[in-house]
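**Student:** Got a structure for you, my_file.cif, holding mmCIF, C-alpha atoms; chains and numbers go by the auth columns.
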```cif
data_my_file
loop_
_atom_site.group_PDB
_atom_site.id
_atom_site.type_symbol
_atom_site.label_atom_id
_atom_site.label_comp_id
_atom_site.label_asym_id
_atom_site.label_seq_id
_atom_site.Cartn_x
_atom_site.Cartn_y
_atom_site.Cartn_z
_atom_site.B_iso_or_equiv
_atom_site.auth_seq_id
_atom_site.auth_asym_id
ATOM 1 C CA MET A 1 -16.414 -19.513 -9.479 0.00 120 A
ATOM 2 C CA THR A 2 -17.593 -16.642 -11.619 0.00 121 A
ATOM 3 C CA GLY A 3 -16.864 -15.189 -14.986 0.00 122 A
ATOM 4 C CA SER A 4 -15.420 -11.777 -15.680 0.00 123 A
ATOM 5 C CA ALA A 5 -14.046 -9.321 -13.183 0.00 124 A
ATOM 6 C CA SER A 6 -15.620 -6.436 -14.975 0.00 125 A
ATOM 7 C CA GLY A 7 -19.286 -7.260 -14.936 0.00 126 A
ATOM 8 C CA GLY A 8 -21.964 -9.016 -13.035 0.00 127 A
ATOM 9 C CA GLY A 9 -20.051 -12.259 -12.684 0.00 128 A
ATOM 10 C CA ILE A 10 -21.978 -14.959 -14.576 0.00 129 A
ATOM 11 C CA PRO A 11 -21.437 -18.323 -12.841 0.00 130 A
ATOM 12 C CA VAL A 12 -19.289 -20.683 -14.866 0.00 131 A
ATOM 13 C CA GLY A 13 -20.983 -23.919 -15.887 0.00 132 A
ATOM 14 C CA ARG A 14 -24.552 -22.641 -15.585 0.00 133 A
ATOM 15 C CA PRO A 15 -26.489 -21.740 -18.717 0.00 134 A
ATOM 16 C CA ARG A 16 -27.396 -18.101 -19.109 0.00 135 A
ATOM 17 C CA ARG A 17 -31.044 -17.210 -18.959 0.00 136 A
ATOM 18 C CA GLY A 18 -32.736 -14.596 -21.052 0.00 137 A
ATOM 19 C CA ARG A 19 -31.088 -12.343 -23.566 0.00 138 A
ATOM 20 C CA PRO A 20 -27.271 -12.504 -23.859 0.00 139 A
ATOM 21 C CA ARG A 21 -25.416 -9.671 -22.154 0.00 140 A
ATOM 22 C CA ASN A 22 -24.365 -6.815 -24.337 0.00 141 A
ATOM 23 C CA GLU A 23 -20.606 -6.494 -23.843 0.00 142 A
ATOM 24 C CA GLU A 24 -20.573 -3.079 -25.519 0.00 143 A
ATOM 25 C CA ALA A 25 -23.117 -1.848 -22.952 0.00 144 A
ATOM 26 C CA ASP A 26 -20.893 -3.234 -20.178 0.00 145 A
ATOM 27 C CA ARG A 27 -17.889 -1.344 -21.555 0.00 146 A
ATOM 28 C CA ALA A 28 -19.913 1.866 -21.957 0.00 147 A
ATOM 29 C CA ILE A 29 -21.215 1.620 -18.389 0.00 148 A
ATOM 30 C CA LEU A 30 -17.753 0.998 -16.931 0.00 149 A
ATOM 31 C CA ARG A 31 -16.266 3.863 -18.979 0.00 150 A
ATOM 32 C CA ALA A 32 -19.093 6.190 -17.868 0.00 151 A
ATOM 33 C CA ALA A 33 -18.616 5.164 -14.238 0.00 152 A
ATOM 34 C CA THR A 34 -14.874 5.869 -14.463 0.00 153 A
ATOM 35 C CA GLU A 35 -15.573 9.335 -15.880 0.00 154 A
ATOM 36 C CA ALA A 36 -18.213 10.094 -13.241 0.00 155 A
ATOM 37 C CA LEU A 37 -15.913 8.905 -10.443 0.00 156 A
ATOM 38 C CA ALA A 38 -13.129 11.145 -11.682 0.00 157 A
ATOM 39 C CA ALA A 39 -15.511 14.105 -11.774 0.00 158 A
ATOM 40 C CA ARG A 40 -17.462 13.597 -8.540 0.00 159 A
ATOM 41 C CA GLY A 41 -15.898 10.873 -6.395 0.00 160 A
ATOM 42 C CA LEU A 42 -17.660 7.834 -4.968 0.00 161 A
ATOM 43 C CA ARG A 43 -20.156 9.767 -2.879 0.00 162 A
ATOM 44 C CA GLY A 44 -21.123 11.910 -5.873 0.00 163 A
ATOM 45 C CA LEU A 45 -21.407 8.921 -8.187 0.00 164 A
ATOM 46 C CA SER A 46 -24.954 8.613 -9.438 0.00 165 A
ATOM 47 C CA ILE A 47 -26.440 5.663 -11.286 0.00 166 A
ATOM 48 C CA ASP A 48 -28.635 8.168 -13.153 0.00 167 A
ATOM 49 C CA GLU A 49 -25.568 9.999 -14.429 0.00 168 A
ATOM 50 C CA VAL A 50 -23.765 6.777 -15.366 0.00 169 A
ATOM 51 C CA ALA A 51 -26.834 5.555 -17.254 0.00 170 A
ATOM 52 C CA ALA A 52 -27.104 8.847 -19.139 0.00 171 A
ATOM 53 C CA ARG A 53 -23.386 8.911 -20.005 0.00 172 A
ATOM 54 C CA ALA A 54 -23.487 5.255 -21.140 0.00 173 A
ATOM 55 C CA GLY A 55 -26.747 5.578 -23.072 0.00 174 A
ATOM 56 C CA VAL A 56 -28.469 2.779 -21.131 0.00 175 A
ATOM 57 C CA GLY A 57 -31.321 2.527 -18.666 0.00 176 A
ATOM 58 C CA LYS A 58 -30.770 2.344 -14.918 0.00 177 A
ATOM 59 C CA ALA A 59 -32.242 -1.159 -14.886 0.00 178 A
ATOM 60 C CA THR A 60 -29.433 -2.310 -17.202 0.00 179 A
ATOM 61 C CA ILE A 61 -26.908 -1.137 -14.635 0.00 180 A
ATOM 62 C CA TYR A 62 -28.720 -2.597 -11.615 0.00 181 A
ATOM 63 C CA ARG A 63 -29.012 -6.003 -13.334 0.00 182 A
ATOM 64 C CA ARG A 64 -25.211 -6.104 -13.441 0.00 183 A
ATOM 65 C CA TRP A 65 -24.196 -4.196 -10.289 0.00 184 A
ATOM 66 C CA PRO A 66 -26.257 -4.168 -7.085 0.00 185 A
ATOM 67 C CA SER A 67 -24.755 -0.887 -5.825 0.00 186 A
ATOM 68 C CA LYS A 68 -22.736 2.078 -6.930 0.00 187 A
ATOM 69 C CA GLY A 69 -19.839 0.805 -4.823 0.00 188 A
ATOM 70 C CA THR A 70 -19.637 -2.482 -6.708 0.00 189 A
ATOM 71 C CA LEU A 71 -19.916 -0.597 -9.993 0.00 190 A
ATOM 72 C CA ALA A 72 -17.101 1.756 -8.939 0.00 191 A
ATOM 73 C CA LEU A 73 -14.767 -1.098 -8.065 0.00 192 A
ATOM 74 C CA ASP A 74 -15.534 -2.972 -11.275 0.00 193 A
ATOM 75 C CA ALA A 75 -14.871 0.214 -13.271 0.00 194 A
ATOM 76 C CA PHE A 76 -11.520 0.550 -11.560 0.00 195 A
ATOM 77 C CA LEU A 77 -10.621 -3.110 -12.142 0.00 196 A
ATOM 78 C CA ALA A 78 -11.728 -3.011 -15.781 0.00 197 A
ATOM 79 C CA GLU A 79 -9.553 0.028 -16.384 0.00 198 A
ATOM 80 C CA ASN A 80 -6.499 -1.726 -14.979 0.00 199 A
ATOM 81 C CA SER A 81 -6.900 -5.497 -15.440 0.00 200 A
ATOM 82 C CA GLU A 82 -5.461 -5.702 -18.959 0.00 201 A
ATOM 83 C CA GLN A 83 -2.085 -4.724 -17.553 0.00 202 A
ATOM 84 C CA LEU A 84 -1.687 -7.859 -15.395 0.00 203 A
ATOM 85 C CA PRO A 85 0.810 -9.839 -17.539 0.00 204 A
ATOM 86 C CA LEU A 86 3.059 -6.776 -17.695 0.00 205 A
ATOM 87 C CA VAL A 87 2.671 -6.232 -13.941 0.00 206 A
ATOM 88 C CA ALA A 88 3.787 -9.789 -13.292 0.00 207 A
ATOM 89 C CA GLU A 89 6.888 -9.281 -15.452 0.00 208 A
ATOM 90 C CA THR A 90 7.914 -6.266 -13.347 0.00 209 A
ATOM 91 C CA GLN A 91 8.805 -8.738 -10.594 0.00 210 A
ATOM 92 C CA ARG A 92 11.655 -10.076 -12.733 0.00 211 A
ATOM 93 C CA ASP A 93 12.795 -6.971 -14.592 0.00 212 A
ATOM 94 C CA PRO A 94 13.958 -4.032 -12.404 0.00 213 A
ATOM 95 C CA GLU A 95 14.139 -1.597 -15.346 0.00 214 A
ATOM 96 C CA LEU A 96 10.611 -2.474 -16.416 0.00 215 A
ATOM 97 C CA ALA A 97 9.486 -2.155 -12.789 0.00 216 A
ATOM 98 C CA ALA A 98 10.941 1.355 -12.510 0.00 217 A
ATOM 99 C CA SER A 99 9.426 2.406 -15.824 0.00 218 A
ATOM 100 C CA TRP A 100 6.059 0.837 -14.915 0.00 219 A
ATOM 101 C CA ARG A 101 6.065 2.717 -11.604 0.00 220 A
ATOM 102 C CA ASP A 102 6.997 6.064 -13.189 0.00 221 A
ATOM 103 C CA ARG A 103 4.760 5.873 -16.236 0.00 222 A
ATOM 104 C CA VAL A 104 1.746 3.884 -14.996 0.00 223 A
ATOM 105 C CA VAL A 105 1.475 3.387 -11.241 0.00 224 A
ATOM 106 C CA ASN A 106 2.409 6.896 -10.118 0.00 225 A
ATOM 107 C CA PRO A 107 0.086 8.709 -12.589 0.00 226 A
ATOM 108 C CA ILE A 108 -2.823 6.388 -11.745 0.00 227 A
ATOM 109 C CA ARG A 109 -2.254 6.820 -8.034 0.00 228 A
ATOM 110 C CA ALA A 110 -1.991 10.603 -8.477 0.00 229 A
ATOM 111 C CA SER A 111 -5.319 10.596 -10.325 0.00 230 A
ATOM 112 C CA TYR A 112 -7.048 8.610 -7.594 0.00 231 A
ATOM 113 C CA ALA A 113 -5.304 10.636 -4.877 0.00 232 A
ATOM 114 C CA SER A 114 -6.906 13.754 -6.374 0.00 233 A
ATOM 115 C CA ILE A 115 -10.306 12.043 -6.119 0.00 234 A
ATOM 116 C CA PHE A 116 -9.635 11.410 -2.431 0.00 235 A
ATOM 117 C CA ALA A 117 -8.431 15.002 -1.967 0.00 236 A
ATOM 118 C CA ARG A 118 -11.749 16.254 -3.343 0.00 237 A
ATOM 119 C CA ALA A 119 -13.605 13.842 -1.029 0.00 238 A
ATOM 120 C CA VAL A 120 -11.673 15.305 1.921 0.00 239 A
ATOM 121 C CA GLN A 121 -12.542 18.850 0.773 0.00 240 A
ATOM 122 C CA ARG A 122 -16.224 17.877 0.577 0.00 241 A
ATOM 123 C CA GLY A 123 -16.046 16.391 4.079 0.00 242 A
ATOM 124 C CA GLU A 124 -16.807 12.871 2.831 0.00 243 A
ATOM 125 C CA ILE A 125 -13.709 11.367 4.435 0.00 244 A
ATOM 126 C CA ALA A 126 -11.533 12.549 7.293 0.00 245 A
ATOM 127 C CA ALA A 127 -8.611 14.844 6.472 0.00 246 A
ATOM 128 C CA GLU A 128 -6.183 12.609 8.385 0.00 247 A
ATOM 129 C CA THR A 129 -6.980 9.624 6.145 0.00 248 A
ATOM 130 C CA ASP A 130 -3.791 8.112 4.713 0.00 249 A
ATOM 131 C CA THR A 131 -4.871 7.901 1.086 0.00 250 A
ATOM 132 C CA ASP A 132 -1.768 5.890 0.162 0.00 251 A
ATOM 133 C CA ILE A 133 -2.971 3.082 2.405 0.00 252 A
ATOM 134 C CA VAL A 134 -6.525 3.346 1.051 0.00 253 A
ATOM 135 C CA LEU A 135 -5.204 3.129 -2.506 0.00 254 A
ATOM 136 C CA ASP A 136 -3.042 0.141 -1.577 0.00 255 A
ATOM 137 C CA LEU A 137 -6.083 -1.599 -0.107 0.00 256 A
ATOM 138 C CA LEU A 138 -8.253 -0.930 -3.149 0.00 257 A
ATOM 139 C CA PHE A 139 -5.614 -1.747 -5.746 0.00 258 A
ATOM 140 C CA GLY A 140 -4.178 -4.626 -3.777 0.00 259 A
ATOM 141 C CA ALA A 141 -7.371 -6.506 -3.046 0.00 260 A
ATOM 142 C CA GLY A 142 -8.409 -6.766 -6.666 0.00 261 A
ATOM 143 C CA LEU A 143 -4.929 -7.386 -8.016 0.00 262 A
ATOM 144 C CA TYR A 144 -4.302 -10.113 -5.469 0.00 263 A
ATOM 145 C CA ARG A 145 -7.362 -12.033 -6.613 0.00 264 A
ATOM 146 C CA LEU A 146 -6.597 -11.432 -10.269 0.00 265 A
ATOM 147 C CA LEU A 147 -2.978 -12.536 -9.985 0.00 266 A
ATOM 148 C CA HIS A 148 -3.417 -15.535 -7.711 0.00 267 A
ATOM 149 C CA ARG A 149 -6.897 -16.677 -8.746 0.00 268 A
ATOM 150 C CA HIS A 150 -7.202 -18.495 -5.418 0.00 269 A
ATOM 151 C CA ARG A 151 -10.765 -17.261 -4.995 0.00 270 A
ATOM 152 C CA PRO A 152 -13.159 -15.631 -7.429 0.00 271 A
ATOM 153 C CA LEU A 153 -13.149 -11.948 -8.185 0.00 272 A
ATOM 154 C CA ASP A 154 -16.919 -11.643 -8.213 0.00 273 A
ATOM 155 C CA GLN A 155 -19.722 -9.383 -7.039 0.00 274 A
ATOM 156 C CA ASP A 156 -19.671 -10.802 -3.504 0.00 275 A
ATOM 157 C CA PHE A 157 -15.976 -10.024 -3.148 0.00 276 A
ATOM 158 C CA VAL A 158 -16.331 -6.596 -4.728 0.00 277 A
ATOM 159 C CA GLY A 159 -19.244 -5.710 -2.474 0.00 278 A
ATOM 160 C CA GLN A 160 -17.453 -6.880 0.660 0.00 279 A
ATOM 161 C CA ALA A 161 -14.202 -5.097 -0.254 0.00 280 A
ATOM 162 C CA VAL A 162 -15.973 -1.829 -1.015 0.00 281 A
ATOM 163 C CA ALA A 163 -18.075 -2.098 2.154 0.00 282 A
ATOM 164 C CA LEU A 164 -15.009 -2.684 4.325 0.00 283 A
ATOM 165 C CA VAL A 165 -12.992 0.176 2.857 0.00 284 A
ATOM 166 C CA THR A 166 -15.867 2.658 2.818 0.00 285 A
ATOM 167 C CA ALA A 167 -16.881 1.704 6.375 0.00 286 A
ATOM 168 C CA ALA A 168 -13.301 2.224 7.509 0.00 287 A
ATOM 169 C CA LEU A 169 -13.379 5.650 5.881 0.00 288 A
ATOM 170 C CA GLY A 170 -16.697 6.496 7.504 0.00 289 A
ATOM 171 C CA VAL A 171 -18.492 6.806 4.160 0.00 290 A
ATOM 172 C CA PRO A 172 -22.205 6.008 4.472 0.00 291 A
ATOM 173 C CA ALA A 173 -23.322 2.867 2.633 0.00 292 A
ATOM 174 C CA GLY A 174 -25.282 3.182 -0.587 0.00 293 A
#
```
Represent the supplied structure as structure tokens.
**Tutor:**
Amino acid sequence: MTGSASGGGIPVGRPRRGRPRNEEADRAILRAATEALAARGLRGLSIDEVAARAGVGKATIYRRWPSKGTLALDAFLAENSEQLPLVAETQRDPELAASWRDRVVNPIRASYASIFARAVQRGEIAAETDTDIVLDLLFGAGLYRLLHRHRPLDQDFVGQAVALVTAALGVPAG
């Protein structure tokens, strides 16, 4: 089992080696990745740009995330994971569920749908791609692991999930 969902996933129970991780650097990297994704999409995401925006070196990023895909998914999860207790409560409270959908889910989905629309315009994914299903797959995979905790939400999972979705979309790896 691993540690946080929003970083490199330090194994629980094993002592850390070397210098302790800088949590502020992690947050800056994830914030920078979110901004870069919104501006350029996954294909346009550049580790160089994220490093510059976050004020860190590329090596700092690559020590935590082996690829831009795993960084992108962790940025997405970090942006949304603090909402989990409220999300769980929406299952019991229909008014909260409706409000949550209108004020949180729909705006987030619209934001990510615009990222996919730009990817379609750039020819990165096929125009007939059902972005609602893609968003469900991306949101759902991470949320399922976070809510149920039946298996770890770690770098292996993130890498495999991103690889499967991007392969299905025909996006080249890397």
**Student:** Please evaluate the PyMOL selection byres ((chain A and resi 279-292) around 9) against the structure above and give the resulting residues as a short mmCIF file (atom, residue, chain, number, x, y, z; two decimals) with C-alpha atoms, keeping the file's coordinate frame.
**Tutor:**
```cif
data_model
loop_
_atom_site.label_atom_id
_atom_site.label_comp_id
_atom_site.auth_asym_id
_atom_site.auth_seq_id
_atom_site.Cartn_x
_atom_site.Cartn_y
_atom_site.Cartn_z
CA ARG A 162 -20.16 9.77 -2.88
CA GLY A 188 -19.84 0.80 -4.82
CA THR A 189 -19.64 -2.48 -6.71
CA ALA A 191 -17.10 1.76 -8.94
CA LEU A 192 -14.77 -1.10 -8.06
CA GLU A 243 -16.81 12.87 2.83
CA ILE A 244 -13.71 11.37 4.43
CA ALA A 245 -11.53 12.55 7.29
CA THR A 248 -6.98 9.62 6.14
CA VAL A 253 -6.52 3.35 1.05
CA LEU A 256 -6.08 -1.60 -0.11
CA LEU A 257 -8.25 -0.93 -3.15
CA ALA A 260 -7.37 -6.51 -3.05
CA GLY A 261 -8.41 -6.77 -6.67
CA GLN A 274 -19.72 -9.38 -7.04
CA ASP A 275 -19.67 -10.80 -3.50
CA PHE A 276 -15.98 -10.02 -3.15
CA VAL A 277 -16.33 -6.60 -4.73
CA GLY A 278 -19.24 -5.71 -2.47
CA GLY A 293 -25.28 3.18 -0.59
#
```
**Student:** Please report the interatomic distance between atom CA of A:Ala171 and atom CA of A:Leu196 in Å with one decimal.
**Tutor:**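 Separating atom CA of A:Ala171 from atom CA of A:Leu196 is a distance of 21.5 Å.
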**Student:** Would you mind listing what lies within 9 Å of stretch 225-230 of chain A as a VMD selection string, with only C-alpha atoms counted and same-chain residues fewer than 6 positions away left out?
**Tutor:** chain A and resid 157 219 251 254
**Student:** Given the choices A:His267, A:Leu164, A:Ala232, A:Ala238, which gets closest to A:Asp255 if the distance is worked out from only C-alpha atoms?
**Tutor:**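 Nearest candidate to A:Asp255 out of A:His267, A:Leu164, A:Ala232, A:Ala238: A:Ala232.
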**Student:** Edge lengths and centre, in Å to one decimal, as JSON: that's what I need for the box along x, y and z that holds all listed atoms of stretch 274-282 of chain A plus 3 Å on each side.
**Tutor:**
```
{"center_x": -17.0, "center_y": -6.3, "center_z": -2.4, "size_x": 11.5, "size_y": 15.0, "size_z": 15.2}
```
**Student:** Distance atom CA of A:Leu262-atom CA of A:Ile148, one decimal place?
**Tutor:**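 Distance between the two atoms: 21.3 Å.
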**Student:** Within 10 Å of A:Glu154, counting all atoms listed in the file, which residues show up once you throw out same-chain ones fewer than 3 positions away? Write them as a PyMOL selection string, please.
**Tutor:** chain A and resi 148-151+157-160+164+169+172+194
**Student:** Please, what distance in Å, to one decimal, runs between atom CA of A:Ser218 and atom CA of A:Arg268?
**Tutor:**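 Taking atom CA of A:Ser218 and atom CA of A:Arg268, their separation equals 26.1 Å.
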**Student:** Evaluate the PyMOL selection byres ((chain A and resi 178-180) around 9) against this structure - the residues, as a PyMOL selection string, please.
**Tutor:** chain A and resi 144-145+148+166+169-170+175-177+181-185+190
**Student:** Could the residues in this selection be saved with C-alpha atoms as a CSV table (one decimal), keeping the file's coordinate frame?
**Tutor:**
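Heads up, here's the output in out-v6.csv:
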```csv
chain,number,residue,atom,x,y,z
A,144,ALA,CA,-23.1,-1.8,-23.0
A,145,ASP,CA,-20.9,-3.2,-20.2
A,148,ILE,CA,-21.2,1.6,-18.4
A,166,ILE,CA,-26.4,5.7,-11.3
A,169,VAL,CA,-23.8,6.8,-15.4
A,170,ALA,CA,-26.8,5.6,-17.3
A,175,VAL,CA,-28.5,2.8,-21.1
A,176,GLY,CA,-31.3,2.5,-18.7
A,177,LYS,CA,-30.8,2.3,-14.9
A,181,TYR,CA,-28.7,-2.6,-11.6
A,182,ARG,CA,-29.0,-6.0,-13.3
A,183,ARG,CA,-25.2,-6.1,-13.4
A,184,TRP,CA,-24.2,-4.2,-10.3
A,185,PRO,CA,-26.3,-4.2,-7.1
A,190,LEU,CA,-19.9,-0.6,-10.0
```
**Student:** Pick from A:Ala147, A:Leu156, A:Asp212, A:Pro271: nearest to A:Ser233, with only C-alpha atoms counted?
**Tutor:**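 With only C-alpha atoms as the atom set, the closest residue is A:Leu156.
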**Student:** Neighbouring residues of stretch 204-208 of chain A were defined as those with any atom within 9 Å, considering only C-alpha atoms; residues of the same chain fewer than 6 positions away were excluded. Please report them as a count of residues only.
**Tutor:** 4
**Student:** Kindly indicate which residue among A:Ala197, A:Ala217, A:Val239, A:Ala173 lies nearest to A:Leu161, using all atoms listed in the file for the distances.
**Tutor:**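 Nearest to A:Leu161: A:Val239.
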**Student:** Kindly add N, CA and C atoms to the incomplete stretch 249-266 of chain A and provide the output as a PDB file, keeping the file's coordinate frame.
**Tutor:**
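Listed below is the output, selection.pdb:
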```pdb
ATOM      1  N   ASP A 249      -4.996   8.397   5.495  1.00  0.00           N
ATOM      2  CA  ASP A 249      -3.791   8.112   4.713  1.00  0.00           C
ATOM      3  C   ASP A 249      -4.236   7.513   3.385  1.00  0.00           C
ATOM      4  N   THR A 250      -4.345   8.355   2.373  1.00  0.00           N
ATOM      5  CA  THR A 250      -4.871   7.901   1.086  1.00  0.00           C
ATOM      6  C   THR A 250      -3.949   6.894   0.413  1.00  0.00           C
ATOM      7  N   ASP A 251      -2.656   6.909   0.721  1.00  0.00           N
ATOM      8  CA  ASP A 251      -1.768   5.890   0.162  1.00  0.00           C
ATOM      9  C   ASP A 251      -2.173   4.501   0.631  1.00  0.00           C
ATOM     10  N   ILE A 252      -2.534   4.381   1.893  1.00  0.00           N
ATOM     11  CA  ILE A 252      -2.971   3.082   2.405  1.00  0.00           C
ATOM     12  C   ILE A 252      -4.314   2.690   1.784  1.00  0.00           C
ATOM     13  N   VAL A 253      -5.226   3.640   1.664  1.00  0.00           N
ATOM     14  CA  VAL A 253      -6.525   3.346   1.051  1.00  0.00           C
ATOM     15  C   VAL A 253      -6.327   2.859  -0.387  1.00  0.00           C
ATOM     16  N   LEU A 254      -5.471   3.551  -1.131  1.00  0.00           N
ATOM     17  CA  LEU A 254      -5.204   3.129  -2.506  1.00  0.00           C
ATOM     18  C   LEU A 254      -4.566   1.747  -2.551  1.00  0.00           C
ATOM     19  N   ASP A 255      -3.643   1.476  -1.634  1.00  0.00           N
ATOM     20  CA  ASP A 255      -3.042   0.141  -1.577  1.00  0.00           C
ATOM     21  C   ASP A 255      -4.100  -0.923  -1.310  1.00  0.00           C
ATOM     22  N   LEU A 256      -5.028  -0.634  -0.409  1.00  0.00           N
ATOM     23  CA  LEU A 256      -6.083  -1.599  -0.107  1.00  0.00           C
ATOM     24  C   LEU A 256      -6.978  -1.852  -1.319  1.00  0.00           C
ATOM     25  N   LEU A 257      -7.364  -0.779  -1.992  1.00  0.00           N
ATOM     26  CA  LEU A 257      -8.253  -0.930  -3.149  1.00  0.00           C
ATOM     27  C   LEU A 257      -7.550  -1.607  -4.325  1.00  0.00           C
ATOM     28  N   PHE A 258      -6.365  -1.129  -4.655  1.00  0.00           N
ATOM     29  CA  PHE A 258      -5.614  -1.747  -5.746  1.00  0.00           C
ATOM     30  C   PHE A 258      -5.235  -3.178  -5.384  1.00  0.00           C
ATOM     31  N   GLY A 259      -4.725  -3.338  -4.184  1.00  0.00           N
ATOM     32  CA  GLY A 259      -4.178  -4.626  -3.777  1.00  0.00           C
ATOM     33  C   GLY A 259      -5.195  -5.742  -3.704  1.00  0.00           C
ATOM     34  N   ALA A 260      -6.359  -5.453  -3.195  1.00  0.00           N
ATOM     35  CA  ALA A 260      -7.371  -6.506  -3.046  1.00  0.00           C
ATOM     36  C   ALA A 260      -7.754  -7.117  -4.394  1.00  0.00           C
ATOM     37  N   GLY A 261      -8.036  -6.268  -5.345  1.00  0.00           N
ATOM     38  CA  GLY A 261      -8.409  -6.766  -6.666  1.00  0.00           C
ATOM     39  C   GLY A 261      -7.249  -7.431  -7.388  1.00  0.00           C
ATOM     40  N   LEU A 262      -6.084  -6.811  -7.337  1.00  0.00           N
ATOM     41  CA  LEU A 262      -4.929  -7.386  -8.016  1.00  0.00           C
ATOM     42  C   LEU A 262      -4.525  -8.726  -7.423  1.00  0.00           C
ATOM     43  N   TYR A 263      -4.644  -8.851  -6.120  1.00  0.00           N
ATOM     44  CA  TYR A 263      -4.302 -10.113  -5.469  1.00  0.00           C
ATOM     45  C   TYR A 263      -5.172 -11.250  -6.013  1.00  0.00           C
ATOM     46  N   ARG A 264      -6.457 -10.999  -6.083  1.00  0.00           N
ATOM     47  CA  ARG A 264      -7.362 -12.033  -6.613  1.00  0.00           C
ATOM     48  C   ARG A 264      -7.123 -12.293  -8.096  1.00  0.00           C
ATOM     49  N   LEU A 265      -6.848 -11.243  -8.846  1.00  0.00           N
ATOM     50  CA  LEU A 265      -6.597 -11.432 -10.269  1.00  0.00           C
ATOM     51  C   LEU A 265      -5.299 -12.193 -10.525  1.00  0.00           C
ATOM     52  N   LEU A 266      -4.272 -11.889  -9.772  1.00  0.00           N
ATOM     53  CA  LEU A 266      -2.978 -12.536  -9.985  1.00  0.00           C
ATOM     54  C   LEU A 266      -2.951 -13.973  -9.489  1.00  0.00           C
TER      55      LEU A 266
END
```
